[in-house]
file coords20.cif (mmCIF, C-alpha atoms and all ligand atoms)
data_model
#
loop_
_atom_site.label_atom_id
_atom_site.label_comp_id
_atom_site.auth_asym_id
_atom_site.auth_seq_id
_atom_site.Cartn_x
_atom_site.Cartn_y
_atom_site.Cartn_z
CA MET A 1 -179.52 2.83 -26.17
CA ILE A 2 -177.91 6.27 -26.18
CA PRO A 3 -174.73 6.42 -24.09
CA ASN A 4 -173.95 9.37 -21.87
CA GLN A 5 -172.48 11.83 -24.36
CA ASN A 6 -170.75 13.73 -21.58
CA TYR A 7 -168.11 11.01 -21.46
CA ARG A 8 -166.82 12.46 -24.75
CA GLN A 9 -165.64 15.45 -22.71
CA LEU A 10 -163.31 13.34 -20.55
CA GLN A 11 -159.63 12.72 -21.14
CA GLU A 12 -158.99 9.23 -22.50
CA ASN A 13 -157.69 7.97 -19.13
CA TYR A 14 -158.07 8.97 -15.50
CA LEU A 15 -154.84 10.73 -14.47
CA PHE A 16 -153.44 7.98 -12.25
CA SER A 17 -154.40 5.28 -14.76
CA GLU A 18 -152.39 7.15 -17.40
CA VAL A 19 -149.40 7.46 -15.05
CA ALA A 20 -149.64 3.71 -14.31
CA ARG A 21 -150.00 2.91 -18.03
CA ARG A 22 -146.85 4.83 -18.94
CA ALA A 23 -144.91 3.31 -16.03
CA ALA A 24 -146.04 -0.21 -17.03
CA ALA A 25 -145.03 0.37 -20.67
CA TYR A 26 -141.59 1.52 -19.53
CA ARG A 27 -141.23 -1.47 -17.20
CA LYS A 28 -142.12 -3.84 -20.04
CA ALA A 29 -139.47 -2.29 -22.27
CA HIS A 30 -136.86 -2.19 -19.46
CA PRO A 31 -137.60 -5.10 -17.10
CA GLU A 32 -134.10 -4.79 -15.61
CA ARG A 33 -134.72 -1.22 -14.41
CA GLU A 34 -136.00 -0.70 -10.86
CA LEU A 35 -138.81 1.86 -10.81
CA LEU A 36 -139.33 4.08 -7.79
CA HIS A 37 -142.98 5.00 -7.34
CA MET A 38 -143.55 8.54 -6.11
CA GLY A 39 -146.69 9.12 -8.18
CA ILE A 40 -150.09 8.11 -6.86
CA GLY A 41 -150.56 8.90 -3.18
CA ASP A 42 -150.76 5.29 -2.12
CA VAL A 43 -149.54 4.37 1.34
CA THR A 44 -146.76 1.83 1.88
CA LEU A 45 -146.86 1.18 5.64
CA PRO A 46 -149.10 -1.72 6.73
CA LEU A 47 -152.21 -1.32 8.84
CA CYS A 48 -151.35 -0.64 12.47
CA GLY A 49 -151.63 -3.38 15.10
CA ALA A 50 -154.76 -1.99 16.74
CA VAL A 51 -156.60 -2.13 13.40
CA VAL A 52 -155.36 -5.64 12.57
CA ASP A 53 -156.47 -6.94 15.99
CA ALA A 54 -159.92 -5.40 15.52
CA LEU A 55 -160.23 -6.92 12.03
CA LYS A 56 -159.29 -10.37 13.36
CA GLN A 57 -161.71 -10.11 16.23
CA ALA A 58 -164.49 -9.02 13.85
CA ALA A 59 -163.69 -11.95 11.55
CA GLU A 60 -164.05 -14.32 14.53
CA GLU A 61 -167.42 -12.75 15.36
CA MET A 62 -168.59 -13.23 11.79
CA GLY A 63 -167.75 -16.94 12.04
CA LYS A 64 -170.00 -17.61 15.03
CA PRO A 65 -173.79 -17.85 14.84
CA GLU A 66 -174.34 -15.75 17.96
CA THR A 67 -172.24 -12.81 16.72
CA PHE A 68 -172.66 -13.10 12.94
CA ARG A 69 -174.01 -9.96 11.22
CA GLY A 70 -175.81 -9.59 7.90
CA TYR A 71 -176.72 -6.25 6.31
CA GLY A 72 -175.57 -3.36 8.43
CA PRO A 73 -177.11 0.11 8.71
CA GLU A 74 -176.58 2.04 5.43
CA GLN A 75 -175.30 5.05 7.34
CA GLY A 76 -172.72 2.98 9.22
CA TYR A 77 -172.68 1.26 12.60
CA ALA A 78 -173.31 3.52 15.59
CA PHE A 79 -170.04 2.40 17.21
CA LEU A 80 -168.02 3.90 14.34
CA ARG A 81 -170.14 7.03 14.00
CA GLU A 82 -169.70 7.61 17.74
CA ALA A 83 -165.93 7.20 17.32
CA VAL A 84 -165.87 9.77 14.50
CA LYS A 85 -168.00 12.12 16.59
CA GLY A 86 -165.44 11.79 19.40
CA TYR A 87 -162.59 12.51 16.98
CA TYR A 88 -164.23 15.78 15.93
CA ALA A 89 -165.13 16.67 19.53
CA GLY A 90 -161.42 16.35 20.38
CA ARG A 91 -160.88 19.33 18.06
CA GLY A 92 -163.82 21.29 19.45
CA VAL A 93 -166.29 20.42 16.66
CA GLU A 94 -169.62 19.13 17.95
CA LEU A 95 -171.48 16.81 15.60
CA ASP A 96 -174.56 14.68 15.97
CA VAL A 97 -174.05 10.99 15.10
CA ASP A 98 -176.88 11.31 12.57
CA GLU A 99 -174.78 13.81 10.65
CA ILE A 100 -172.00 11.25 10.10
CA PHE A 101 -172.21 8.81 7.18
CA ILE A 102 -169.69 5.98 6.87
CA SER A 103 -168.55 5.18 3.34
CA ASP A 104 -165.93 3.23 1.43
CA GLY A 105 -163.85 6.37 0.96
CA ALA A 106 -163.93 10.07 0.11
CA LYS A 107 -163.57 9.53 -3.65
CA SER A 108 -166.84 7.58 -3.89
CA ASP A 109 -168.81 10.07 -1.83
CA LEU A 110 -167.35 13.07 -3.66
CA GLY A 111 -168.72 11.56 -6.86
CA ASN A 112 -171.96 10.22 -5.41
CA ILE A 113 -173.00 13.48 -3.73
CA LEU A 114 -173.66 14.84 -7.22
CA ASP A 115 -176.83 12.71 -7.26
CA LEU A 116 -178.27 15.37 -4.96
CA LEU A 117 -177.47 18.33 -7.21
CA ASP A 118 -179.37 19.60 -10.21
CA ARG A 119 -177.35 19.62 -13.42
CA GLU A 120 -178.09 23.31 -13.94
CA ASN A 121 -175.84 24.30 -11.04
CA THR A 122 -172.56 26.03 -11.87
CA VAL A 123 -169.65 24.42 -10.10
CA CYS A 124 -166.49 26.24 -9.03
CA ILE A 125 -163.38 24.06 -8.91
CA PRO A 126 -159.87 25.19 -7.99
CA ASP A 127 -157.25 24.65 -10.67
CA PRO A 128 -155.10 22.63 -10.06
CA VAL A 129 -156.87 20.11 -7.84
CA TYR A 130 -157.75 16.42 -7.37
CA PRO A 131 -159.13 15.46 -10.83
CA VAL A 132 -162.18 13.61 -9.48
CA TYR A 133 -164.10 16.89 -8.96
CA VAL A 134 -163.80 17.90 -12.62
CA ASP A 135 -164.32 14.44 -14.08
CA THR A 136 -167.45 13.63 -12.05
CA ASN A 137 -169.04 16.95 -13.00
CA LEU A 138 -168.12 16.51 -16.66
CA MET A 139 -169.82 13.11 -16.55
CA ASP A 140 -173.01 14.89 -15.52
CA GLY A 141 -172.60 17.72 -18.03
CA ARG A 142 -172.49 20.43 -15.37
CA LYS A 143 -171.00 23.86 -16.10
CA ILE A 144 -167.60 24.32 -14.43
CA VAL A 145 -165.82 27.57 -13.65
CA PHE A 146 -162.26 27.39 -12.43
CA ALA A 147 -160.70 29.28 -9.54
CA ALA A 148 -157.05 29.81 -10.45
CA ALA A 149 -154.63 28.50 -7.83
CA THR A 150 -151.26 30.03 -8.63
CA GLU A 151 -147.97 30.87 -6.97
CA ALA A 152 -149.29 34.44 -6.71
CA ASN A 153 -152.16 33.45 -4.40
CA GLY A 154 -150.22 30.71 -2.63
CA PHE A 155 -152.36 28.14 -4.51
CA LEU A 156 -155.32 29.21 -2.33
CA PRO A 157 -157.93 30.97 -4.46
CA LEU A 158 -160.54 33.12 -2.68
CA PRO A 159 -164.00 34.25 -3.83
CA ASP A 160 -164.55 37.66 -5.37
CA ASP A 161 -167.58 39.56 -6.64
CA SER A 162 -167.18 38.21 -10.15
CA LEU A 163 -167.64 34.61 -9.03
CA ALA A 164 -171.08 33.16 -9.73
CA ALA A 165 -171.08 29.60 -8.42
CA ASP A 166 -173.70 27.37 -6.83
CA VAL A 167 -171.32 24.64 -5.73
CA ILE A 168 -167.73 25.14 -4.56
CA TYR A 169 -165.08 22.47 -4.09
CA LEU A 170 -162.34 23.11 -1.56
CA CYS A 171 -159.52 20.71 -0.74
CA SER A 172 -157.37 21.63 2.24
CA PRO A 173 -154.61 20.52 2.66
CA ASN A 174 -154.70 20.70 -1.07
CA ASN A 175 -154.04 17.83 -3.38
CA PRO A 176 -151.72 18.39 -5.29
CA THR A 177 -150.10 21.62 -4.03
CA GLY A 178 -150.08 20.95 -0.28
CA ALA A 179 -151.44 24.48 0.37
CA VAL A 180 -153.66 24.81 3.47
CA TYR A 181 -156.33 27.46 3.97
CA ARG A 182 -156.13 29.63 7.10
CA ARG A 183 -159.26 30.22 9.16
CA ASP A 184 -159.85 33.75 7.85
CA GLN A 185 -159.56 32.49 4.28
CA LEU A 186 -162.05 29.66 4.83
CA GLN A 187 -164.33 32.18 6.53
CA ARG A 188 -164.43 34.14 3.26
CA TRP A 189 -165.58 31.05 1.38
CA VAL A 190 -168.19 30.23 4.02
CA ASP A 191 -169.51 33.82 4.00
CA TYR A 192 -169.63 33.76 0.21
CA ALA A 193 -171.55 30.48 0.22
CA ASN A 194 -174.05 31.61 2.85
CA GLU A 195 -174.67 34.93 1.09
CA ARG A 196 -175.13 33.27 -2.31
CA ARG A 197 -176.89 30.18 -0.93
CA ALA A 198 -174.14 28.07 -2.49
CA LEU A 199 -172.89 24.69 -1.27
CA ILE A 200 -169.28 23.98 -0.27
CA LEU A 201 -167.98 20.44 -0.78
CA PHE A 202 -164.97 20.31 1.53
CA ASP A 203 -162.42 17.55 1.01
CA ALA A 204 -160.51 17.01 4.27
CA ALA A 205 -158.79 13.75 3.24
CA TYR A 206 -155.38 15.09 4.27
CA GLU A 207 -156.38 16.86 7.52
CA ALA A 208 -154.25 14.51 9.65
CA PHE A 209 -151.10 15.86 8.00
CA ILE A 210 -151.63 19.38 9.37
CA GLN A 211 -149.02 20.08 12.01
CA ASP A 212 -149.61 23.80 12.55
CA PRO A 213 -152.25 24.06 15.33
CA GLU A 214 -153.47 27.40 13.97
CA LEU A 215 -154.64 25.84 10.70
CA PRO A 216 -158.22 24.49 10.51
CA ARG A 217 -158.62 20.77 9.91
CA SER A 218 -162.36 20.84 9.33
CA ILE A 219 -164.67 23.30 7.59
CA PHE A 220 -166.90 22.98 10.66
CA GLU A 221 -164.31 24.91 12.68
CA ILE A 222 -165.52 27.93 10.69
CA ASN A 223 -168.53 30.01 11.77
CA GLY A 224 -171.55 29.50 9.56
CA ALA A 225 -170.24 26.34 7.84
CA ARG A 226 -173.12 24.21 9.10
CA THR A 227 -175.56 25.98 6.79
CA CYS A 228 -173.46 25.69 3.64
CA ALA A 229 -170.98 22.79 3.76
CA VAL A 230 -170.55 19.04 3.50
CA GLU A 231 -167.22 17.53 4.58
CA PHE A 232 -165.58 14.40 3.16
CA CYS A 233 -162.87 12.55 4.97
CA SER A 234 -161.10 9.25 4.66
CA LEU A 235 -158.91 6.84 6.56
CA SER A 236 -156.94 6.06 3.39
CA LYS A 237 -154.04 8.37 4.07
CA THR A 238 -154.54 8.82 7.82
CA ALA A 239 -154.51 5.12 8.70
CA GLY A 240 -153.33 3.27 5.59
CA PHE A 241 -156.83 2.29 4.41
CA THR A 242 -156.27 2.78 0.65
CA GLY A 243 -156.84 -0.94 0.11
CA THR A 244 -159.13 -1.52 3.10
CA ARG A 245 -161.56 1.29 2.17
CA CYS A 246 -163.32 3.40 4.76
CA GLY A 247 -164.21 7.08 4.97
CA TYR A 248 -166.92 9.34 6.34
CA THR A 249 -168.98 12.24 5.15
CA VAL A 250 -170.48 14.86 7.43
CA VAL A 251 -173.80 16.39 6.39
CA PRO A 252 -175.05 18.92 8.97
CA GLU A 253 -178.68 18.85 9.95
CA GLU A 254 -179.13 22.57 9.14
CA LEU A 255 -178.11 22.13 5.50
CA CYS A 256 -181.21 22.85 3.46
CA PHE A 257 -181.70 24.14 -0.09
CA GLY A 258 -185.01 24.93 -1.75
CA GLY A 259 -186.85 23.42 1.21
CA MET A 260 -185.02 20.09 0.86
CA ARG A 261 -182.94 18.85 3.77
CA PHE A 262 -179.61 17.59 2.50
CA GLN A 263 -179.03 15.11 5.32
CA LYS A 264 -182.36 13.44 4.59
CA MET A 265 -181.64 13.38 0.85
CA TRP A 266 -178.21 11.84 1.39
CA LEU A 267 -179.63 9.16 3.68
CA ARG A 268 -182.29 8.41 1.07
CA ARG A 269 -179.64 8.20 -1.63
CA GLN A 270 -177.35 5.96 0.40
CA ALA A 271 -180.18 3.68 1.55
CA THR A 272 -181.16 3.18 -2.07
CA LYS A 273 -177.78 2.81 -3.77
CA PHE A 274 -175.35 1.69 -1.06
CA ASN A 275 -175.35 -1.25 1.33
CA GLY A 276 -172.72 0.14 3.63
CA VAL A 277 -169.14 -0.75 4.51
CA SER A 278 -168.44 -4.27 5.78
CA TYR A 279 -168.71 -4.91 9.51
CA LEU A 280 -165.07 -6.02 9.62
CA VAL A 281 -163.79 -2.83 8.04
CA GLN A 282 -165.92 -0.67 10.31
CA ARG A 283 -164.51 -2.46 13.37
CA GLY A 284 -161.01 -1.88 11.97
CA ALA A 285 -161.85 1.80 11.42
CA GLN A 286 -163.22 2.12 14.95
CA ALA A 287 -159.82 0.95 16.26
CA VAL A 288 -158.16 3.92 14.53
CA PHE A 289 -159.98 6.25 16.92
CA THR A 290 -159.00 4.45 20.15
CA PRO A 291 -156.09 5.97 22.14
CA GLU A 292 -153.83 3.08 21.07
CA GLY A 293 -154.95 3.34 17.44
CA GLN A 294 -154.32 7.09 17.44
CA ARG A 295 -150.85 6.58 18.90
CA GLN A 296 -150.02 4.02 16.23
CA VAL A 297 -151.36 5.95 13.23
CA LYS A 298 -149.50 9.05 14.42
CA GLU A 299 -146.26 7.05 14.28
CA ASN A 300 -147.02 6.21 10.66
CA LEU A 301 -147.85 9.84 9.87
CA ALA A 302 -144.50 10.83 11.40
CA TYR A 303 -142.76 8.34 9.11
CA TYR A 304 -144.33 9.92 6.03
CA ARG A 305 -143.45 13.38 7.32
CA ARG A 306 -139.82 12.30 7.54
CA ASN A 307 -140.05 11.13 3.93
CA ALA A 308 -141.37 14.58 3.02
CA ALA A 309 -138.38 16.10 4.83
CA VAL A 310 -136.00 13.90 2.79
CA ILE A 311 -137.60 15.15 -0.44
CA MET A 312 -137.60 18.77 0.71
CA GLN A 313 -133.93 18.60 1.57
CA ALA A 314 -133.04 17.13 -1.83
CA LEU A 315 -135.05 19.80 -3.67
CA GLU A 316 -133.37 22.51 -1.65
CA GLU A 317 -129.94 21.10 -2.43
CA LEU A 318 -130.88 21.03 -6.10
CA GLY A 319 -132.24 24.57 -5.99
CA VAL A 320 -135.61 23.40 -7.29
CA TRP A 321 -138.55 25.62 -6.26
CA TYR A 322 -141.21 23.70 -4.36
CA THR A 323 -144.06 24.08 -1.93
CA GLY A 324 -146.04 21.66 0.28
CA GLY A 325 -144.58 18.88 2.39
CA LYS A 326 -144.98 20.61 5.76
CA ASN A 327 -148.69 20.13 6.40
CA SER A 328 -149.25 17.73 3.55
CA PRO A 329 -147.84 14.49 2.15
CA TYR A 330 -147.36 16.12 -1.27
CA LEU A 331 -144.47 18.14 -2.64
CA TRP A 332 -145.28 20.45 -5.52
CA LEU A 333 -142.34 21.56 -7.55
CA ARG A 334 -141.63 23.68 -10.58
CA CYS A 335 -140.39 21.52 -13.41
CA PRO A 336 -136.70 22.34 -13.80
CA GLY A 337 -135.83 24.17 -17.02
CA GLY A 338 -139.49 25.19 -17.44
CA LYS A 339 -140.29 21.79 -18.94
CA PRO A 340 -143.94 20.88 -19.60
CA SER A 341 -145.18 18.51 -16.88
CA TRP A 342 -145.50 15.39 -19.05
CA ASP A 343 -142.05 15.99 -20.57
CA PHE A 344 -140.58 16.15 -17.09
CA PHE A 345 -142.53 12.99 -16.18
CA ASP A 346 -141.00 11.15 -19.15
CA CYS A 347 -137.54 12.57 -18.41
CA LEU A 348 -137.63 11.38 -14.79
CA LEU A 349 -139.02 7.99 -15.77
CA HIS A 350 -136.50 7.36 -18.53
CA THR A 351 -133.38 8.81 -16.93
CA ALA A 352 -133.93 8.06 -13.22
CA GLY A 353 -136.66 5.43 -13.09
CA ILE A 354 -138.75 7.74 -10.90
CA VAL A 355 -142.52 7.80 -11.37
CA GLY A 356 -144.10 11.09 -10.28
CA THR A 357 -147.32 12.86 -11.22
CA PRO A 358 -147.38 15.61 -13.87
CA GLY A 359 -148.92 18.81 -12.54
CA SER A 360 -150.91 19.43 -15.71
CA GLY A 361 -152.96 16.32 -14.86
CA PHE A 362 -154.51 18.35 -12.02
CA GLY A 363 -155.55 21.25 -14.23
CA ARG A 364 -154.30 23.86 -16.66
CA ASN A 365 -152.54 25.86 -13.93
CA GLY A 366 -150.62 22.74 -12.97
CA GLU A 367 -148.68 22.87 -16.25
CA HIS A 368 -144.91 23.17 -15.67
CA TYR A 369 -145.31 21.75 -12.15
CA PHE A 370 -144.84 18.25 -10.82
CA ARG A 371 -146.03 16.34 -7.74
CA LEU A 372 -144.02 13.91 -5.63
CA THR A 373 -145.55 11.93 -2.80
CA ALA A 374 -144.11 11.22 0.63
CA PHE A 375 -146.05 7.92 0.86
CA SER A 376 -143.27 5.75 -0.57
CA SER A 377 -141.01 3.68 1.66
CA ARG A 378 -138.06 5.46 3.28
CA ALA A 379 -135.60 3.38 1.25
CA ASN A 380 -137.35 4.24 -2.03
CA THR A 381 -137.64 7.90 -1.11
CA GLU A 382 -133.94 8.13 -0.29
CA LYS A 383 -132.96 6.23 -3.41
CA ALA A 384 -135.20 8.42 -5.58
CA MET A 385 -133.67 11.57 -4.15
CA GLU A 386 -130.14 10.24 -4.69
CA ARG A 387 -131.02 9.53 -8.32
CA LEU A 388 -132.54 12.99 -8.65
CA LYS A 389 -129.39 14.60 -7.31
CA ALA A 390 -127.28 12.55 -9.71
CA LEU A 391 -129.37 14.05 -12.49
CA GLN A 392 -128.49 17.56 -11.38
CA ALA A 393 -126.66 18.38 -14.60
CA ALA A 394 -129.71 17.41 -16.67
CA LEU A 395 -131.97 19.52 -14.44
C1 LIG B 1 -153.62 10.94 -5.26
O1 LIG B 1 -152.53 10.44 -5.54
O2 LIG B 1 -153.93 12.07 -5.61
C2 LIG B 1 -154.58 10.13 -4.49
O3 LIG B 1 -154.04 8.93 -4.11
C3 LIG B 1 -155.77 9.87 -5.26
C4 LIG B 1 -156.88 9.37 -4.39
O4 LIG B 1 -156.85 9.50 -3.18
O5 LIG B 1 -157.85 8.89 -4.98
#

call {"tool": "encode", "arguments": {"input": "coords20.cif", "output": "structure tokens", "more": "lines below"}}
Ligand code: MLT
result
Amino acid sequence: MIPNQNYRQLQENYLFSEVARRAAAYRKAHPERELLHMGIGDVTLPLCGAVVDALKQAAEEMGKPETFRGYGPEQGYAFLREAVKGYYAGRGVELDVDEIFISDGAKSDLGNILDLLDRENTVCIPDPVYPVYVDTNLMDGRKIVFAAATEANGFLPLPDDSLAADVIYLCSPNNPTGAVYRRDQLQRWVDYANERRALILFDAAYEAFIQDPELPRSIFEINGARTCAVEFCSLSKTAGFTGTRCGYTVVPEELCFGGMRFQKMWLRRQATKFNGVSYLVQRGAQAVFTPEGQRQVKENLAYYRRNAAVIMQALEELGVWYTGGKNSPYLWLRCPGGKPSWDFFDCLLHTAGIVGTPGSGFGRNGEHYFRLTAFSSRANTEKAMERLKALQAAL
């Protein structure tokens, strides 16, 4: 047996596993110290009432012979796909239910979609960005070119004539920088992709955090996107589903490369390798899109936004440069004193008991930056910011 040699190209640990490993080692050495977790973007508020009621009701159904369900449709139940269709229609984006695929989250689909792509494709990935795009392509041995996301371009790289890419990843609002593409900027990517016959993989996992009505929340708000883009979205951050697991991927009917229809390929792939998301979870997810569910999840989003405001205020008081936080749950700051990201991570962990995420873990251009999340509890967020302010002299 010859193992996949491409795994030799990967870092020893996935970024968030490494953060957790270092935090656990510190906790073991200092069990008396309270750690404040502002690292991985994991939600802290419980599922909203509408979702819990739907889950309970679905559990009851599963316990009765007349309403019990076995295997569900691989693409997801029609009731949930209709709900997602309605969610998009509310923002003026018309989709067909057959273009919507229910999954156990955006991360899985972002990795799994690569089954549909030849390994010879060149992939363009912003730097810094969510590390899953790089790692999953390295696992396949695909050539990667990076699009530099820097302070100079507002962390929003755009295509130029020198770029030769077959596949383009975009994440907006961006993880980790919080930067959000404007319509005209996304239009440039869509035009590039249509001219070059390239594919855009658009990660919209944080769309619900956009407050500015002028900013696009879906690539399908952009003219021409239906012939070049796939969109990935998730209820993890929108509705607290990080542990419950449910997302959706939109593959437009028009999307076709080399005479092969992408929607058909994805259905074939899913039908073969995936048995769908549980009935219970899909009923819970459906509840997110009801008027009551929307009202409740928006309250939770407002809570996280207030956390972001607490962090922003502390950084301003400290005179630390940062971006993000307004249309995103992430704050992206320059490491004080020009420290390398992992040094600042260790400094915060050891001196303040705060666990953040080093910017360099998101790519080379993330070096000397640091990410804090607004997903912690209010009490933890406030305590972390008080500890940060007390560190002022060291910063
Ligand atoms: C993050 O912290 O970047 C996210 O929680 C990772 C994820 O969604 O998989």

call {"tool": "closest_residue", "arguments": {"input": "coords20.cif", "among": "A:Val129, A:Cys124, A:Leu36, A:Ala152", "to": "Pro173 in chain A", "atoms": "only C-alpha atoms"}}
result
A:Val129

call {"tool": "residues_near_ligand", "arguments": {"input": "coords20.cif", "ligand": "ligand LIG 1 (chain B)", "cutoff": "7 Å", "atoms": "all atoms listed in the file", "output": "number ranges by chain"}}
result
A: 39-42, 107, 130, 175-176

call {"tool": "write_last_selection", "arguments": {"input": "coords20.cif", "atoms": "C-alpha atoms", "output": "mmCIF file, keeping the file's coordinate frame"}}
result
data_model
loop_
_atom_site.group_PDB
_atom_site.id
_atom_site.type_symbol
_atom_site.label_atom_id
_atom_site.label_comp_id
_atom_site.auth_asym_id
_atom_site.auth_seq_id
_atom_site.Cartn_x
_atom_site.Cartn_y
_atom_site.Cartn_z
ATOM 1 C CA GLY A 39 -146.690 9.120 -8.180
ATOM 2 C CA ILE A 40 -150.090 8.110 -6.860
ATOM 3 C CA GLY A 41 -150.560 8.900 -3.180
ATOM 4 C CA ASP A 42 -150.760 5.290 -2.120
ATOM 5 C CA LYS A 107 -163.570 9.530 -3.650
ATOM 6 C CA TYR A 130 -157.750 16.420 -7.370
ATOM 7 C CA ASN A 175 -154.040 17.830 -3.380
ATOM 8 C CA PRO A 176 -151.720 18.390 -5.290
#

call {"tool": "closest_residue", "arguments": {"input": "coords20.cif", "among": "A:Gln282, A:Thr238, A:Ser103, A:Gln294", "to": "Leu267 in chain A", "atoms": "only C-alpha atoms"}}
result
A:Ser103

call {"tool": "closest_residue", "arguments": {"input": "coords20.cif", "among": "A:Thr67, A:Leu47, A:Ala58, A:Met38", "to": "Val19 in chain A", "atoms": "all atoms listed in the file"}}
result
A:Met38

call {"tool": "residues_around", "arguments": {"input": "coords20.cif", "residues": "Leu348 in chain A", "least_positions_apart": "6", "cutoff": "10 Å", "atoms": "all atoms listed in the file", "output": "JSON, numbers by chain"}}
result
{"A": [342, 354, 355, 356, 384, 387, 388, 391, 395]}

call {"tool": "write_last_selection", "arguments": {"input": "coords20.cif", "atoms": "C-alpha atoms", "output": "PDB file, keeping the file's coordinate frame"}}
result
ATOM      1  CA  TRP A 342    -145.500  15.390 -19.050  1.00  0.00           C
ATOM      2  CA  ILE A 354    -138.750   7.740 -10.900  1.00  0.00           C
ATOM      3  CA  VAL A 355    -142.520   7.800 -11.370  1.00  0.00           C
ATOM      4  CA  GLY A 356    -144.100  11.090 -10.280  1.00  0.00           C
ATOM      5  CA  ALA A 384    -135.200   8.420  -5.580  1.00  0.00           C
ATOM      6  CA  ARG A 387    -131.020   9.530  -8.320  1.00  0.00           C
ATOM      7  CA  LEU A 388    -132.540  12.990  -8.650  1.00  0.00           C
ATOM      8  CA  LEU A 391    -129.370  14.050 -12.490  1.00  0.00           C
ATOM      9  CA  LEU A 395    -131.970  19.520 -14.440  1.00  0.00           C
TER      10      LEU A 395
END

call {"tool": "residues_around", "arguments": {"input": "coords20.cif", "residues": "Leu110 in chain A", "least_positions_apart": "3", "cutoff": "12 Å", "atoms": "all atoms listed in the file", "output": "PyMOL selection string"}}
result
chain A and resi 103-107+113-117+130-137+169-171+200-205+230-234+247-250

call {"tool": "closest_residue", "arguments": {"input": "coords20.cif", "among": "A:Ala148, A:Ile210, A:Ala239, A:Ala24", "to": "Gly366 in chain A", "atoms": "all atoms listed in the file"}}
result
A:Ala148

call {"tool": "closest_residue", "arguments": {"input": "coords20.cif", "among": "A:Phe289, A:Gly178, A:Ile144, A:Asn153", "to": "Lys85 in chain A", "atoms": "only C-alpha atoms"}}
result
A:Phe289

call {"tool": "atom_distance", "arguments": {"input": "coords20.cif", "atom1": "CA of Met260 in chain A", "atom2": "CA of Gly276 in chain A"}}
result
23.6 Å

call {"tool": "residues_around", "arguments": {"input": "coords20.cif", "residues": "range 224-228 of chain A", "least_positions_apart": "4", "cutoff": "8 Å", "atoms": "only C-alpha atoms", "output": "ChimeraX atom specification"}}
result
/A:190-191,193-194,197-200,219-220,252-256

call {"tool": "decode", "arguments": {"input": "coords20.cif", "residues": "range 349-361 of chain A", "atoms": "N, CA and C atoms", "output": "PDB file, in the first residue's frame"}}
result
ATOM      1  N   LEU A 349      -1.444  33.852  25.809  1.00  0.00           N
ATOM      2  CA  LEU A 349      -1.807  32.655  26.561  1.00  0.00           C
ATOM      3  C   LEU A 349      -1.129  32.661  27.938  1.00  0.00           C
ATOM      4  N   HIS A 350       0.152  32.940  27.939  1.00  0.00           N
ATOM      5  CA  HIS A 350       0.924  32.829  29.175  1.00  0.00           C
ATOM      6  C   HIS A 350       0.706  34.005  30.122  1.00  0.00           C
ATOM      7  N   THR A 351       0.509  35.191  29.569  1.00  0.00           N
ATOM      8  CA  THR A 351       0.395  36.350  30.470  1.00  0.00           C
ATOM      9  C   THR A 351      -1.049  36.705  30.802  1.00  0.00           C
ATOM     10  N   ALA A 352      -1.996  36.375  29.892  1.00  0.00           N
ATOM     11  CA  ALA A 352      -3.385  36.796  30.137  1.00  0.00           C
ATOM     12  C   ALA A 352      -4.370  35.632  30.115  1.00  0.00           C
ATOM     13  N   GLY A 353      -3.894  34.453  29.790  1.00  0.00           N
ATOM     14  CA  GLY A 353      -4.803  33.300  29.714  1.00  0.00           C
ATOM     15  C   GLY A 353      -5.825  33.438  28.598  1.00  0.00           C
ATOM     16  N   ILE A 354      -5.467  34.197  27.559  1.00  0.00           N
ATOM     17  CA  ILE A 354      -6.386  34.366  26.420  1.00  0.00           C
ATOM     18  C   ILE A 354      -5.903  33.485  25.266  1.00  0.00           C
ATOM     19  N   VAL A 355      -6.840  32.713  24.704  1.00  0.00           N
ATOM     20  CA  VAL A 355      -6.498  31.878  23.548  1.00  0.00           C
ATOM     21  C   VAL A 355      -7.075  32.548  22.304  1.00  0.00           C
ATOM     22  N   GLY A 356      -6.198  32.981  21.403  1.00  0.00           N
ATOM     23  CA  GLY A 356      -6.645  33.552  20.132  1.00  0.00           C
ATOM     24  C   GLY A 356      -6.152  32.677  18.995  1.00  0.00           C
ATOM     25  N   THR A 357      -6.167  33.207  17.784  1.00  0.00           N
ATOM     26  CA  THR A 357      -5.667  32.429  16.643  1.00  0.00           C
ATOM     27  C   THR A 357      -4.583  33.226  15.925  1.00  0.00           C
ATOM     28  N   PRO A 358      -3.371  32.647  15.793  1.00  0.00           N
ATOM     29  CA  PRO A 358      -2.295  33.372  15.121  1.00  0.00           C
ATOM     30  C   PRO A 358      -2.579  33.563  13.636  1.00  0.00           C
ATOM     31  N   GLY A 359      -2.385  34.779  13.174  1.00  0.00           N
ATOM     32  CA  GLY A 359      -2.688  35.098  11.772  1.00  0.00           C
ATOM     33  C   GLY A 359      -1.901  34.271  10.780  1.00  0.00           C
ATOM     34  N   SER A 360      -0.670  33.899  11.148  1.00  0.00           N
ATOM     35  CA  SER A 360       0.163  33.159  10.189  1.00  0.00           C
ATOM     36  C   SER A 360      -0.434  31.782   9.900  1.00  0.00           C
ATOM     37  N   GLY A 361      -1.326  31.303  10.762  1.00  0.00           N
ATOM     38  CA  GLY A 361      -1.981  30.019  10.510  1.00  0.00           C
ATOM     39  C   GLY A 361      -2.936  30.083   9.324  1.00  0.00           C
TER      40      GLY A 361
END
